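Participant: Structure file work25.pdb, PDB, C-alpha atoms and all ligand atoms, is pasted below:
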MODEL        1
ATOM      1  CA  MET A   2      46.919  32.050 -16.527
ATOM      2  CA  ASN A   3      45.521  28.949 -14.928
ATOM      3  CA  LEU A   4      42.631  30.187 -12.825
ATOM      4  CA  LEU A   5      40.346  27.597 -11.252
ATOM      5  CA  PRO A   6      36.746  27.921 -12.512
ATOM      6  CA  TRP A   7      35.372  28.914  -9.074
ATOM      7  CA  GLN A   8      37.871  31.742  -8.591
ATOM      8  CA  THR A   9      37.007  34.035 -11.480
ATOM      9  CA  THR A  10      34.821  36.441  -9.489
ATOM     10  CA  GLN A  11      37.531  36.992  -6.877
ATOM     11  CA  TRP A  12      40.112  37.492  -9.628
ATOM     12  CA  GLN A  13      38.012  40.033 -11.499
ATOM     13  CA  GLN A  14      37.421  41.948  -8.281
ATOM     14  CA  LEU A  15      41.155  42.357  -7.690
ATOM     15  CA  VAL A  16      41.962  43.143 -11.317
ATOM     16  CA  SER A  17      39.303  45.832 -11.550
ATOM     17  CA  ARG A  18      40.432  47.430  -8.270
ATOM     18  CA  ARG A  19      43.985  47.424  -9.576
ATOM     19  CA  ARG A  20      42.911  49.138 -12.807
ATOM     20  CA  GLN A  21      41.131  51.802 -10.786
ATOM     21  CA  GLY A  22      44.281  52.286  -8.722
ATOM     22  CA  LYS A  23      42.369  51.195  -5.627
ATOM     23  CA  LEU A  24      44.178  48.050  -4.528
ATOM     24  CA  PRO A  25      44.134  47.676  -0.748
ATOM     25  CA  HIS A  26      47.444  47.408   1.125
ATOM     26  CA  ALA A  27      46.436  44.040   2.522
ATOM     27  CA  VAL A  28      44.162  41.321   1.198
ATOM     28  CA  LEU A  29      42.945  38.376   3.290
ATOM     29  CA  LEU A  30      42.108  35.300   1.213
ATOM     30  CA  SER A  31      39.788  33.327   3.444
ATOM     31  CA  GLY A  32      38.034  29.971   3.012
ATOM     32  CA  PRO A  33      38.286  26.228   3.621
ATOM     33  CA  GLU A  34      41.335  24.166   2.673
ATOM     34  CA  GLY A  35      41.361  22.496  -0.712
ATOM     35  CA  LEU A  36      39.892  25.311  -2.820
ATOM     36  CA  GLY A  37      43.181  26.564  -4.274
ATOM     37  CA  LYS A  38      43.648  29.801  -2.305
ATOM     38  CA  ARG A  39      47.430  29.510  -2.373
ATOM     39  CA  GLN A  40      47.464  28.894  -6.106
ATOM     40  CA  PHE A  41      45.276  31.999  -6.500
ATOM     41  CA  ALA A  42      47.591  34.048  -4.272
ATOM     42  CA  GLU A  43      50.677  32.954  -6.206
ATOM     43  CA  GLN A  44      49.044  33.963  -9.479
ATOM     44  CA  PHE A  45      48.005  37.311  -8.104
ATOM     45  CA  ALA A  46      51.549  37.940  -6.849
ATOM     46  CA  GLU A  47      52.888  37.027 -10.299
ATOM     47  CA  SER A  48      50.462  39.376 -11.957
ATOM     48  CA  LEU A  49      51.477  42.282  -9.687
ATOM     49  CA  LEU A  50      55.169  41.749 -10.425
ATOM     50  CA  CYS A  51      54.701  41.277 -14.178
ATOM     51  CA  HIS A  52      55.553  44.227 -16.457
ATOM     52  CA  ASP A  53      53.365  43.119 -19.323
ATOM     53  CA  ASN A  54      50.013  41.838 -18.068
ATOM     54  CA  ASP A  55      47.603  40.181 -20.494
ATOM     55  CA  GLU A  56      44.042  41.437 -21.020
ATOM     56  CA  ASN A  57      42.776  39.377 -18.052
ATOM     57  CA  GLY A  58      45.351  40.889 -15.760
ATOM     58  CA  GLY A  59      47.440  37.707 -15.764
ATOM     59  CA  ALA A  60      51.244  37.519 -15.852
ATOM     60  CA  CYS A  61      53.008  37.211 -19.238
ATOM     61  CA  GLY A  62      55.534  34.648 -17.993
ATOM     62  CA  LYS A  63      58.295  36.166 -20.131
ATOM     63  CA  CYS A  64      59.261  39.613 -18.842
ATOM     64  CA  ARG A  65      62.136  40.267 -16.431
ATOM     65  CA  GLY A  66      59.761  40.387 -13.435
ATOM     66  CA  CYS A  67      58.177  37.062 -14.341
ATOM     67  CA  LEU A  68      61.536  35.389 -14.934
ATOM     68  CA  LEU A  69      63.037  36.627 -11.671
ATOM     69  CA  LEU A  70      60.001  35.398  -9.775
ATOM     70  CA  LYS A  71      60.174  31.983 -11.439
ATOM     71  CA  ALA A  72      63.851  31.752 -10.530
ATOM     72  CA  GLY A  73      62.948  32.511  -6.921
ATOM     73  CA  SER A  74      65.101  35.645  -6.881
ATOM     74  CA  HIS A  75      62.699  38.552  -7.312
ATOM     75  CA  PRO A  76      63.896  41.311  -4.972
ATOM     76  CA  ASP A  77      60.381  42.711  -4.516
ATOM     77  CA  PHE A  78      58.738  39.451  -3.453
ATOM     78  CA  LYS A  79      58.749  37.892  -0.018
ATOM     79  CA  ARG A  80      57.110  34.759   1.280
ATOM     80  CA  ILE A  81      56.436  34.246   4.983
ATOM     81  CA  GLU A  82      55.420  30.747   6.031
ATOM     82  CA  PRO A  83      56.199  28.362   8.897
ATOM     83  CA  GLU A  84      59.731  26.969   8.668
ATOM     84  CA  GLU A  85      58.173  23.553   9.221
ATOM     85  CA  ALA A  86      54.648  22.610   8.155
ATOM     86  CA  GLY A  87      52.193  22.990  11.016
ATOM     87  CA  LYS A  88      54.602  25.073  13.134
ATOM     88  CA  ALA A  89      54.217  28.731  14.116
ATOM     89  CA  ILE A  90      55.323  31.685  12.000
ATOM     90  CA  LYS A  91      57.981  33.241  14.198
ATOM     91  CA  VAL A  92      58.202  36.873  15.201
ATOM     92  CA  ASP A  93      61.657  37.246  13.607
ATOM     93  CA  GLN A  94      60.199  36.243  10.264
ATOM     94  CA  VAL A  95      57.577  38.977  10.521
ATOM     95  CA  ARG A  96      60.049  41.576  11.859
ATOM     96  CA  ALA A  97      62.198  41.085   8.746
ATOM     97  CA  LEU A  98      59.217  42.456   6.873
ATOM     98  CA  SER A  99      59.665  46.026   8.077
ATOM     99  CA  SER A 100      63.110  46.379   6.496
ATOM    100  CA  PHE A 101      61.730  44.832   3.298
ATOM    101  CA  THR A 102      58.797  47.226   3.049
ATOM    102  CA  VAL A 103      60.727  50.435   3.788
ATOM    103  CA  LEU A 104      63.022  49.924   0.805
ATOM    104  CA  SER A 105      61.522  51.163  -2.433
ATOM    105  CA  ALA A 106      60.763  48.636  -5.147
ATOM    106  CA  GLN A 107      63.713  47.611  -7.308
ATOM    107  CA  PHE A 108      61.691  48.220 -10.447
ATOM    108  CA  ASP A 109      60.271  51.656 -11.292
ATOM    109  CA  HIS A 110      56.597  52.022 -10.418
ATOM    110  CA  GLY A 111      56.547  48.370  -9.391
ATOM    111  CA  TYR A 112      54.837  46.671  -6.501
ATOM    112  CA  LYS A 113      56.398  44.900  -3.576
ATOM    113  CA  VAL A 114      54.474  41.790  -2.676
ATOM    114  CA  VAL A 115      54.413  39.757   0.530
ATOM    115  CA  LEU A 116      52.632  36.423   0.789
ATOM    116  CA  ILE A 117      51.828  35.292   4.345
ATOM    117  CA  GLY A 118      50.244  31.952   5.109
ATOM    118  CA  PRO A 119      48.773  30.126   6.813
ATOM    119  CA  ALA A 120      48.151  33.422   8.611
ATOM    120  CA  GLU A 121      46.542  31.680  11.586
ATOM    121  CA  ASN A 122      49.943  30.113  12.300
ATOM    122  CA  MET A 123      51.249  33.476  13.518
ATOM    123  CA  ASN A 124      51.707  33.420  17.269
ATOM    124  CA  ARG A 125      50.807  36.398  19.453
ATOM    125  CA  ALA A 126      54.173  38.126  19.003
ATOM    126  CA  SER A 127      54.228  37.644  15.212
ATOM    127  CA  ALA A 128      50.658  38.867  14.901
ATOM    128  CA  ASN A 129      51.436  42.011  16.919
ATOM    129  CA  SER A 130      54.478  42.645  14.800
ATOM    130  CA  LEU A 131      52.436  42.299  11.602
ATOM    131  CA  LEU A 132      49.863  44.683  13.020
ATOM    132  CA  LYS A 133      52.513  47.433  13.150
ATOM    133  CA  THR A 134      53.242  46.917   9.444
ATOM    134  CA  LEU A 135      49.519  47.009   8.666
ATOM    135  CA  GLU A 136      49.047  50.214  10.666
ATOM    136  CA  GLU A 137      51.711  52.049   8.674
ATOM    137  CA  PRO A 138      51.351  50.697   5.154
ATOM    138  CA  ALA A 139      54.237  51.382   2.794
ATOM    139  CA  ASP A 140      53.547  52.738  -0.707
ATOM    140  CA  ASN A 141      52.948  50.163  -3.423
ATOM    141  CA  THR A 142      53.361  47.277  -1.011
ATOM    142  CA  ILE A 143      50.661  44.591  -1.073
ATOM    143  CA  LEU A 144      50.358  42.019   1.671
ATOM    144  CA  ILE A 145      48.462  38.869   0.729
ATOM    145  CA  LEU A 146      47.360  36.829   3.740
ATOM    146  CA  LEU A 147      45.976  33.304   3.467
ATOM    147  CA  THR A 148      43.780  31.619   6.048
ATOM    148  CA  SER A 149      41.360  28.743   6.507
ATOM    149  CA  ALA A 150      40.660  29.828  10.095
ATOM    150  CA  PRO A 151      39.953  33.592  10.060
ATOM    151  CA  GLN A 152      38.451  33.409  13.565
ATOM    152  CA  ARG A 153      41.917  32.613  14.897
ATOM    153  CA  LEU A 154      43.396  35.897  13.601
ATOM    154  CA  LEU A 155      43.464  39.036  15.712
ATOM    155  CA  ALA A 156      40.334  41.079  15.025
ATOM    156  CA  THR A 157      42.581  44.095  14.473
ATOM    157  CA  ILE A 158      44.419  42.241  11.707
ATOM    158  CA  ARG A 159      41.178  41.148  10.058
ATOM    159  CA  SER A 160      39.809  44.671  10.112
ATOM    160  CA  ARG A 161      42.881  46.108   8.365
ATOM    161  CA  CYS A 162      42.654  43.676   5.460
ATOM    162  CA  GLN A 163      40.304  43.637   2.513
ATOM    163  CA  ARG A 164      38.686  40.218   2.844
ATOM    164  CA  LEU A 165      38.133  37.990  -0.160
ATOM    165  CA  ASN A 166      36.080  34.860   0.594
ATOM    166  CA  PHE A 167      36.423  31.544  -1.179
ATOM    167  CA  ILE A 168      33.627  28.997  -0.926
ATOM    168  CA  ALA A 169      33.322  25.464  -2.264
ATOM    169  CA  PRO A 170      31.972  25.470  -5.828
ATOM    170  CA  ASP A 171      28.636  23.900  -6.669
ATOM    171  CA  TYR A 172      28.537  20.187  -7.257
ATOM    172  CA  ALA A 173      28.364  20.367 -11.071
ATOM    173  CA  THR A 174      31.338  22.735 -11.397
ATOM    174  CA  ALA A 175      33.418  20.659  -8.998
ATOM    175  CA  THR A 176      32.710  17.268 -10.604
ATOM    176  CA  GLN A 177      33.290  18.717 -14.073
ATOM    177  CA  TRP A 178      36.682  20.011 -12.978
ATOM    178  CA  LEU A 179      37.576  16.682 -11.307
ATOM    179  CA  ASN A 180      36.677  14.925 -14.569
ATOM    180  CA  THR A 181      39.231  17.081 -16.394
ATOM    181  CA  GLN A 182      41.795  15.879 -13.818
ATOM    182  CA  SER A 183      41.005  12.224 -14.659
ATOM    183  CA  VAL A 184      39.514  11.464 -11.250
ATOM    184  CA  THR A 185      37.338   8.350 -11.437
ATOM    185  CA  ASN A 186      34.154   8.473  -9.373
ATOM    186  CA  PRO A 187      34.532  12.225  -8.724
ATOM    187  CA  GLN A 188      31.221  12.414  -6.866
ATOM    188  CA  GLN A 189      32.384  10.159  -4.063
ATOM    189  CA  TRP A 190      35.811  11.805  -3.767
ATOM    190  CA  LEU A 191      34.115  15.160  -3.497
ATOM    191  CA  GLU A 192      31.950  13.869  -0.663
ATOM    192  CA  ILE A 193      34.999  12.446   1.102
ATOM    193  CA  ALA A 194      36.764  15.823   0.803
ATOM    194  CA  ASP A 195      33.792  17.807   2.153
ATOM    195  CA  GLY A 196      33.172  19.475  -1.221
ATOM    196  CA  ALA A 197      36.699  20.872  -1.737
ATOM    197  CA  PRO A 198      37.873  19.922  -5.256
ATOM    198  CA  LEU A 199      41.650  20.220  -4.762
ATOM    199  CA  ALA A 200      41.433  18.195  -1.562
ATOM    200  CA  ALA A 201      39.395  15.581  -3.478
ATOM    201  CA  LEU A 202      42.066  15.432  -6.177
ATOM    202  CA  ASP A 203      44.815  15.130  -3.583
ATOM    203  CA  LEU A 204      43.035  12.296  -1.759
ATOM    204  CA  PHE A 205      42.370  10.502  -5.030
ATOM    205  CA  ASN A 206      46.044  10.745  -5.995
ATOM    206  CA  HIS A 207      47.521   9.918  -2.588
ATOM    207  CA  ASP A 208      44.905   7.752  -0.946
ATOM    208  CA  ASP A 209      46.217   5.455   1.726
ATOM    209  CA  GLU A 210      43.640   2.995   0.398
ATOM    210  CA  SER A 211      41.601   3.062   3.552
ATOM    211  CA  ILE A 212      39.794   6.385   3.378
ATOM    212  CA  GLU A 213      37.473   5.251   0.599
ATOM    213  CA  SER A 214      36.406   2.169   2.544
ATOM    214  CA  ARG A 215      36.134   4.154   5.787
ATOM    215  CA  TYR A 216      33.786   6.571   4.050
ATOM    216  CA  GLY A 217      31.854   3.753   2.403
ATOM    217  CA  SER A 218      31.308   1.859   5.661
ATOM    218  CA  GLY A 219      30.666   4.883   7.898
ATOM    219  CA  LEU A 220      26.873   4.925   7.652
ATOM    220  CA  GLU A 221      26.698   1.154   7.988
ATOM    221  CA  THR A 222      28.563   1.489  11.277
ATOM    222  CA  LEU A 223      26.134   4.162  12.446
ATOM    223  CA  GLU A 224      23.155   1.969  11.534
ATOM    224  CA  ALA A 225      24.718  -0.854  13.525
ATOM    225  CA  LEU A 226      25.013   1.506  16.478
ATOM    226  CA  GLN A 227      21.337   2.489  16.124
ATOM    227  CA  SER A 228      20.303  -1.158  16.255
ATOM    228  CA  ARG A 229      22.720  -1.939  19.136
ATOM    229  CA  ARG A 230      24.847  -4.298  17.055
ATOM    230  CA  LYS A 231      27.896  -2.151  17.823
ATOM    231  CA  ASP A 232      28.846  -0.053  20.815
ATOM    232  CA  PRO A 233      30.046   3.564  20.904
ATOM    233  CA  ILE A 234      33.284   2.783  22.724
ATOM    234  CA  SER A 235      34.644   0.400  20.119
ATOM    235  CA  ILE A 236      33.540   2.643  17.213
ATOM    236  CA  ALA A 237      35.221   5.655  18.853
ATOM    237  CA  ALA A 238      38.398   3.606  19.263
ATOM    238  CA  GLU A 239      38.299   2.779  15.535
ATOM    239  CA  TRP A 240      37.563   6.350  14.471
ATOM    240  CA  GLN A 241      40.245   8.006  16.528
ATOM    241  CA  LYS A 242      42.971   5.941  14.884
ATOM    242  CA  LYS A 243      42.457   7.887  11.651
ATOM    243  CA  ASP A 244      41.592  11.556  11.139
ATOM    244  CA  SER A 245      38.716  12.002  13.627
ATOM    245  CA  LEU A 246      38.017  15.509  12.372
ATOM    246  CA  ARG A 247      37.268  14.333   8.863
ATOM    247  CA  THR A 248      34.987  11.579  10.172
ATOM    248  CA  VAL A 249      33.002  14.064  12.263
ATOM    249  CA  LYS A 250      32.639  16.296   9.189
ATOM    250  CA  TRP A 251      31.232  13.324   7.261
ATOM    251  CA  LEU A 252      28.777  12.660  10.070
ATOM    252  CA  THR A 253      27.731  16.328  10.023
ATOM    253  CA  ASN A 254      27.122  16.230   6.255
ATOM    254  CA  TRP A 255      25.116  13.012   6.587
ATOM    255  CA  VAL A 256      22.943  14.436   9.369
ATOM    256  CA  MET A 257      22.262  17.558   7.300
ATOM    257  CA  ASP A 258      21.336  15.364   4.325
ATOM    258  CA  ILE A 259      19.001  13.226   6.484
ATOM    259  CA  ILE A 260      17.255  16.431   7.588
ATOM    260  CA  ARG A 261      16.955  17.617   3.965
ATOM    261  CA  LEU A 262      15.504  14.277   2.870
ATOM    262  CA  ALA A 263      13.104  14.149   5.833
ATOM    263  CA  GLN A 264      11.851  17.590   4.803
ATOM    264  CA  GLY A 265      11.064  16.298   1.320
ATOM    265  CA  GLY A 266      14.330  17.339  -0.330
ATOM    266  CA  GLN A 267      15.242  15.573  -3.555
ATOM    267  CA  ALA A 268      18.389  13.581  -4.234
ATOM    268  CA  ASN A 269      19.938  16.503  -6.135
ATOM    269  CA  SER A 270      19.690  18.729  -3.049
ATOM    270  CA  ILE A 271      21.883  16.544  -0.830
ATOM    271  CA  SER A 272      25.654  16.781  -0.512
ATOM    272  CA  CYS A 273      26.328  13.020  -0.302
ATOM    273  CA  PRO A 274      24.387  11.451  -3.193
ATOM    274  CA  SER A 275      26.492   8.267  -3.130
ATOM    275  CA  GLN A 276      24.926   7.447   0.268
ATOM    276  CA  GLN A 277      21.389   8.292  -0.777
ATOM    277  CA  SER A 278      19.650   4.988  -0.047
ATOM    278  CA  ARG A 279      21.012   4.653   3.498
ATOM    279  CA  LEU A 280      20.329   8.333   4.182
ATOM    280  CA  THR A 281      16.749   7.980   2.932
ATOM    281  CA  ASN A 282      16.177   5.023   5.262
ATOM    282  CA  LEU A 283      17.520   6.955   8.216
ATOM    283  CA  ALA A 284      15.320   9.930   7.268
ATOM    284  CA  LYS A 285      12.278   7.684   7.674
ATOM    285  CA  GLN A 286      13.413   6.305  11.030
ATOM    286  CA  LEU A 287      14.788   9.330  12.887
ATOM    287  CA  ASP A 288      12.855  12.195  14.427
ATOM    288  CA  ILE A 289      13.702  15.465  12.721
ATOM    289  CA  GLY A 290      13.606  17.548  15.921
ATOM    290  CA  GLY A 291      16.177  15.236  17.483
ATOM    291  CA  LEU A 292      18.442  15.603  14.453
ATOM    292  CA  HIS A 293      18.226  19.403  14.604
ATOM    293  CA  ALA A 294      19.158  19.280  18.287
ATOM    294  CA  TYR A 295      22.073  16.950  17.492
ATOM    295  CA  LEU A 296      23.794  19.269  14.982
ATOM    296  CA  PRO A 297      25.199  21.787  17.515
ATOM    297  CA  HIS A 298      27.042  18.908  19.249
ATOM    298  CA  LEU A 299      28.698  18.025  15.954
ATOM    299  CA  TYR A 300      29.693  21.660  15.315
ATOM    300  CA  GLU A 301      31.200  21.844  18.774
ATOM    301  CA  ALA A 302      33.086  18.556  18.257
ATOM    302  CA  THR A 303      34.445  19.893  14.934
ATOM    303  CA  ARG A 304      35.588  23.079  16.638
ATOM    304  CA  LEU A 305      37.311  21.188  19.462
ATOM    305  CA  LEU A 306      39.006  18.707  17.133
ATOM    306  CA  GLY A 307      40.205  21.498  14.836
ATOM    307  CA  THR A 308      41.708  23.836  17.386
ATOM    308  CA  THR A 309      42.749  22.218  20.633
ATOM    309  CA  GLN A 310      44.217  19.163  22.231
ATOM    310  CA  VAL A 311      41.228  17.140  23.356
ATOM    311  CA  ASN A 312      40.618  13.589  24.477
ATOM    312  CA  GLN A 313      39.421  12.345  21.101
ATOM    313  CA  GLN A 314      38.191   9.017  22.423
ATOM    314  CA  LEU A 315      35.877  10.697  24.961
ATOM    315  CA  LEU A 316      34.700  13.311  22.480
ATOM    316  CA  LEU A 317      33.853  10.683  19.842
ATOM    317  CA  GLU A 318      32.167   8.440  22.417
ATOM    318  CA  GLU A 319      29.986  11.357  23.480
ATOM    319  CA  ILE A 320      28.730  12.131  19.966
ATOM    320  CA  LEU A 321      28.220   8.423  19.226
ATOM    321  CA  ILE A 322      26.215   7.901  22.439
ATOM    322  CA  ARG A 323      24.067  10.878  21.440
ATOM    323  CA  TRP A 324      23.623   9.372  17.980
ATOM    324  CA  ALA A 325      22.493   6.025  19.449
ATOM    325  CA  ALA A 326      19.992   7.858  21.668
ATOM    326  CA  LEU A 327      18.426   9.958  18.871
ATOM    327  CA  PRO A 328      14.622   9.801  19.128
ATOM    328  CA  LYS A 329      12.903   7.621  16.525
ATOM    329  CA  ASN A 330       9.753   8.188  14.529
ATOM    330  CA  ARG A 331       6.835   5.921  15.364
ATOM    331  CA  LEU A 332       6.498   3.849  12.223
TER     332      LEU A 332
HETATM  333 ZN    ZN B   1      55.578  39.243 -17.092
ENDMDL
END
Transcribe the structure of this file into C-alpha cells.
Ligand SMILES: [Zn+2]
Facilitator:
Amino acid sequence: MNLLPWQTTQWQQLVSRRRQGKLPHAVLLSGPEGLGKRQFAEQFAESLLCHDNDENGGACGKCRGCLLLKAGSHPDFKRIEPEEAGKAIKVDQVRALSSFTVLSAQFDHGYKVVLIGPAENMNRASANSLLKTLEEPADNTILILLTSAPQRLLATIRSRCQRLNFIAPDYATATQWLNTQSVTNPQQWLEIADGAPLAALDLFNHDDESIESRYGSGLETLEALQSRRKDPISIAAEWQKKDSLRTVKWLTNWVMDIIRLAQGGQANSISCPSQQSRLTNLAKQLDIGGLHAYLPHLYEATRLLGTTQVNQQLLLEEILIRWAALPKNRL
C-alpha cells in the first residue's frame, strides 16, 4: 500500500468501519485538488475487491481480484468519469450504473465498487439519475464519489453520502514528502501550489518555466502598483494571459500573511515564507482594517473565476484598483 502521509486518518476510518460491517453505501471524498484523493479512492477500491487484505486493510496485489483489477477487467468495478477531461459526465453513463448494481457480485461475498469523479461534473440529468441509485442502495455496492467542489453537488446527493474530508497537510509534512520526491526548493513550490503537495510536485515536474518567475515577481508588481509605478489595467492584462485563478489565490495567501505579520505573527506562522521580507514591509505600510475588508473581494473573485464565465480583465482590474487604494498606516 502506498498511502500518502496525510491520508492515514481517513484510511483508518474506512478500514475500521469495514471491519465493523458498517461501510456506508456511498462515500464522498471531498477536498482541494492536488492532495491525492483519486489515488486514495483507487487504493480503497482495490482493497474492497481484494480477497486477501493485509493487516492495514490494503490490497495484496496478487489474488484473482487484484489481478483482474490491474488488468482493467474486474467485473465488479466500474469507473464513471467525463469522456473528455473537463466535460460533463453524461446521463447515459450514470444510467448504465443501475444495470451494474442490480447484478450480484461475480465473486461470493464480494463488493461491487463504483468510482465517480469529478462528481461536480455531473450535469442536472446525471445527478438526478445518480440520486435514484443512492435512494435505493444495492447490497454490497459501494459508490465512491470524488469532488473538489462539494458546493456544486445537489444537496440531496451530499446528504446521502458519508463525507470524508481531505485538507492540505501541515507545512513540515508536505515539505518532507516533497523532499522524498526529489523536489528542489519544496517550500516555494508548495507556496505556488497553494499548499497542495501533489500539485506542487506536478508543477515542479511540468513547469512551463514561467510560473516560478510569475510567482517570484508577483509581490514586486503589487508594490509597484502601490507606489503608482504600474497601473492596474496593464497588470490585469498580464495576469489574465496565464491562470488568473491561481494568481488571485496567491494574492489571497499574501494578504492573509500580511495580516498575520501585522498582528505580530512570526515567520513560521505564515504560508508564504519565501516572500517574508516583502510581506513584512507591506505589513508595516498597510492598514490592517483595510486588509480585512479587502479579503471578501478576493474570495468573491476566486469564486467567480472558478465557476463561471466572467470578464477576467475587468475582474482583475477591479481587485487591483482596490489593492492600489488600500489605506496606509501613518508612518
Ligand atoms: Zn488481493
Participant: What would the selection look like, as a PyMOL selection string, if the PyMOL selection byres (((chain A and resi 235-250) around 6) and not hetatm) were run on the coordinates I just shared?
Facilitator: chain A and resi 232-234+251-253+306+314+317-318
Participant: Would you tabulate, counting all atoms listed in the file, all residues of region 185-209 of chain A that have an atom at most 8 Å from an atom of region 15-37 of chain A, showing the closest pair of atoms and their distance in Å to one decimal, sorted by chain then ascending number, as CSV?
Facilitator:
residue,atom,partner,partner_atom,distance
A:Ala197,CA,A:Gly35,CA,5.0
A:Pro198,CA,A:Leu36,CA,6.2
A:Leu199,CA,A:Gly35,CA,4.7
A:Ala200,CA,A:Gly35,CA,4.4
A:Ala201,CA,A:Gly35,CA,7.7
Participant: Write out as a list in words each polymer residue whose atoms come within 10 Å of region 307-311 of chain A, counting all atoms listed in the file; drop sequence neighbours fewer than 4 positions from it.
Facilitator: Ala150, Arg153, Ser245, Leu246, Arg247, Glu301, Ala302, Thr303, Leu315 and Leu316 of chain A
Participant: Could you state the separation of CA of Arg80 (chain A) and CA of Leu146 (chain A) in Å, given to one decimal place?
Facilitator: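 These two atoms are separated by 10.3 Å.
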Participant: Can you build me a table of chain A residues sitting at most 8 Å from ligand ZN 1 (chain B), with the closest atom pair per residue and its distance in Å to one decimal, using all atoms listed in the file, sorted by chain and residue number, as JSON lines?
Facilitator:
{"residue": "A:Glu47", "atom": "CA", "partner": "B:ZN1", "partner_atom": "ZN", "distance": 7.6}
{"residue": "A:Ser48", "atom": "CA", "partner": "B:ZN1", "partner_atom": "ZN", "distance": 7.2}
{"residue": "A:Leu50", "atom": "CA", "partner": "B:ZN1", "partner_atom": "ZN", "distance": 7.1}
{"residue": "A:Cys51", "atom": "CA", "partner": "B:ZN1", "partner_atom": "ZN", "distance": 3.7}
{"residue": "A:His52", "atom": "CA", "partner": "B:ZN1", "partner_atom": "ZN", "distance": 5.0}
{"residue": "A:Asp53", "atom": "CA", "partner": "B:ZN1", "partner_atom": "ZN", "distance": 5.0}
{"residue": "A:Asn54", "atom": "CA", "partner": "B:ZN1", "partner_atom": "ZN", "distance": 6.2}
{"residue": "A:Ala60", "atom": "CA", "partner": "B:ZN1", "partner_atom": "ZN", "distance": 4.8}
{"residue": "A:Cys61", "atom": "CA", "partner": "B:ZN1", "partner_atom": "ZN", "distance": 3.9}
{"residue": "A:Gly62", "atom": "CA", "partner": "B:ZN1", "partner_atom": "ZN", "distance": 4.7}
{"residue": "A:Lys63", "atom": "CA", "partner": "B:ZN1", "partner_atom": "ZN", "distance": 5.1}
{"residue": "A:Cys64", "atom": "CA", "partner": "B:ZN1", "partner_atom": "ZN", "distance": 4.1}
{"residue": "A:Arg65", "atom": "CA", "partner": "B:ZN1", "partner_atom": "ZN", "distance": 6.7}
{"residue": "A:Gly66", "atom": "CA", "partner": "B:ZN1", "partner_atom": "ZN", "distance": 5.7}
{"residue": "A:Cys67", "atom": "CA", "partner": "B:ZN1", "partner_atom": "ZN", "distance": 4.4}
{"residue": "A:Leu68", "atom": "CA", "partner": "B:ZN1", "partner_atom": "ZN", "distance": 7.4}
Participant: Mind writing the picked residues with C-alpha atoms as a short mmCIF file (atom, residue, chain, number, x, y, z; two decimals), keeping the file's coordinate frame?
Facilitator:
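See part.cif below for the written result:
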data_model
loop_
_atom_site.label_atom_id
_atom_site.label_comp_id
_atom_site.auth_asym_id
_atom_site.auth_seq_id
_atom_site.Cartn_x
_atom_site.Cartn_y
_atom_site.Cartn_z
CA GLU A 47 52.89 37.03 -10.30
CA SER A 48 50.46 39.38 -11.96
CA LEU A 50 55.17 41.75 -10.42
CA CYS A 51 54.70 41.28 -14.18
CA HIS A 52 55.55 44.23 -16.46
CA ASP A 53 53.36 43.12 -19.32
CA ASN A 54 50.01 41.84 -18.07
CA ALA A 60 51.24 37.52 -15.85
CA CYS A 61 53.01 37.21 -19.24
CA GLY A 62 55.53 34.65 -17.99
CA LYS A 63 58.30 36.17 -20.13
CA CYS A 64 59.26 39.61 -18.84
CA ARG A 65 62.14 40.27 -16.43
CA GLY A 66 59.76 40.39 -13.44
CA CYS A 67 58.18 37.06 -14.34
CA LEU A 68 61.54 35.39 -14.93
#
Participant: Can you tell me which residues surround Ala325 (chain A) at a distance of at most 9 Å, considering all atoms listed in the file, apart from same-chain residues fewer than 5 positions away, and format the answer as a list in words?
Facilitator: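 Listed by chain and then number, they are Leu223, Glu224, Leu226, Gln227, Ser228, Arg229, Asp232, Pro233 and Ile320 of chain A.
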Participant: Restricting the calculation to all atoms listed in the file: of A:Asn57, A:Asn129, A:Asn312, A:Thr222, which residue gets closest to Val95 (chain A)?
Facilitator: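 Going through A:Asn57, A:Asn129, A:Asn312, A:Thr222 one by one, the smallest distance to Val95 (chain A) is for A:Asn129.
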Participant: Between A:Leu104, A:Ala225, A:Ala72, A:Cys273, which residue has the minimum interatomic distance to Asp195 (chain A), considering all atoms listed in the file?
Facilitator: A:Cys273
Participant: Can you turn the PyMOL selection byres (((chain A and resi 112) around 10) and not hetatm) into a concrete residue list for this file, as a PyMOL selection string?
Facilitator: chain A and resi 46+49-51+77-78+105-111+113-115+140-143
Participant: How far is it from CA of Arg96 (chain A) to CA of Glu82 (chain A), in Å with one decimal?
Facilitator: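 Separation of CA of Arg96 (chain A) and CA of Glu82 (chain A): 13.1 Å.
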Participant: Env of Ser214 (chain A): 12 Å cut, atoms = all atoms listed in the file, seq-sep filter 6 positions within chain, self excluded. Answer as a list of chain:residue names.
Facilitator: A:Gln189, A:Trp190, A:Ile193, A:Asp208, A:Leu220, A:Glu221, A:Thr222
Participant: Please determine an axis-aligned box that encloses all atoms of region 42-52 of chain A listed in the file, with 5 Å added on each side, and express its centre and edge lengths in Å to one decimal as JSON.
Facilitator:
{"center_x": 51.6, "center_y": 38.6, "center_z": -10.4, "size_x": 18.0, "size_y": 21.3, "size_z": 22.2}
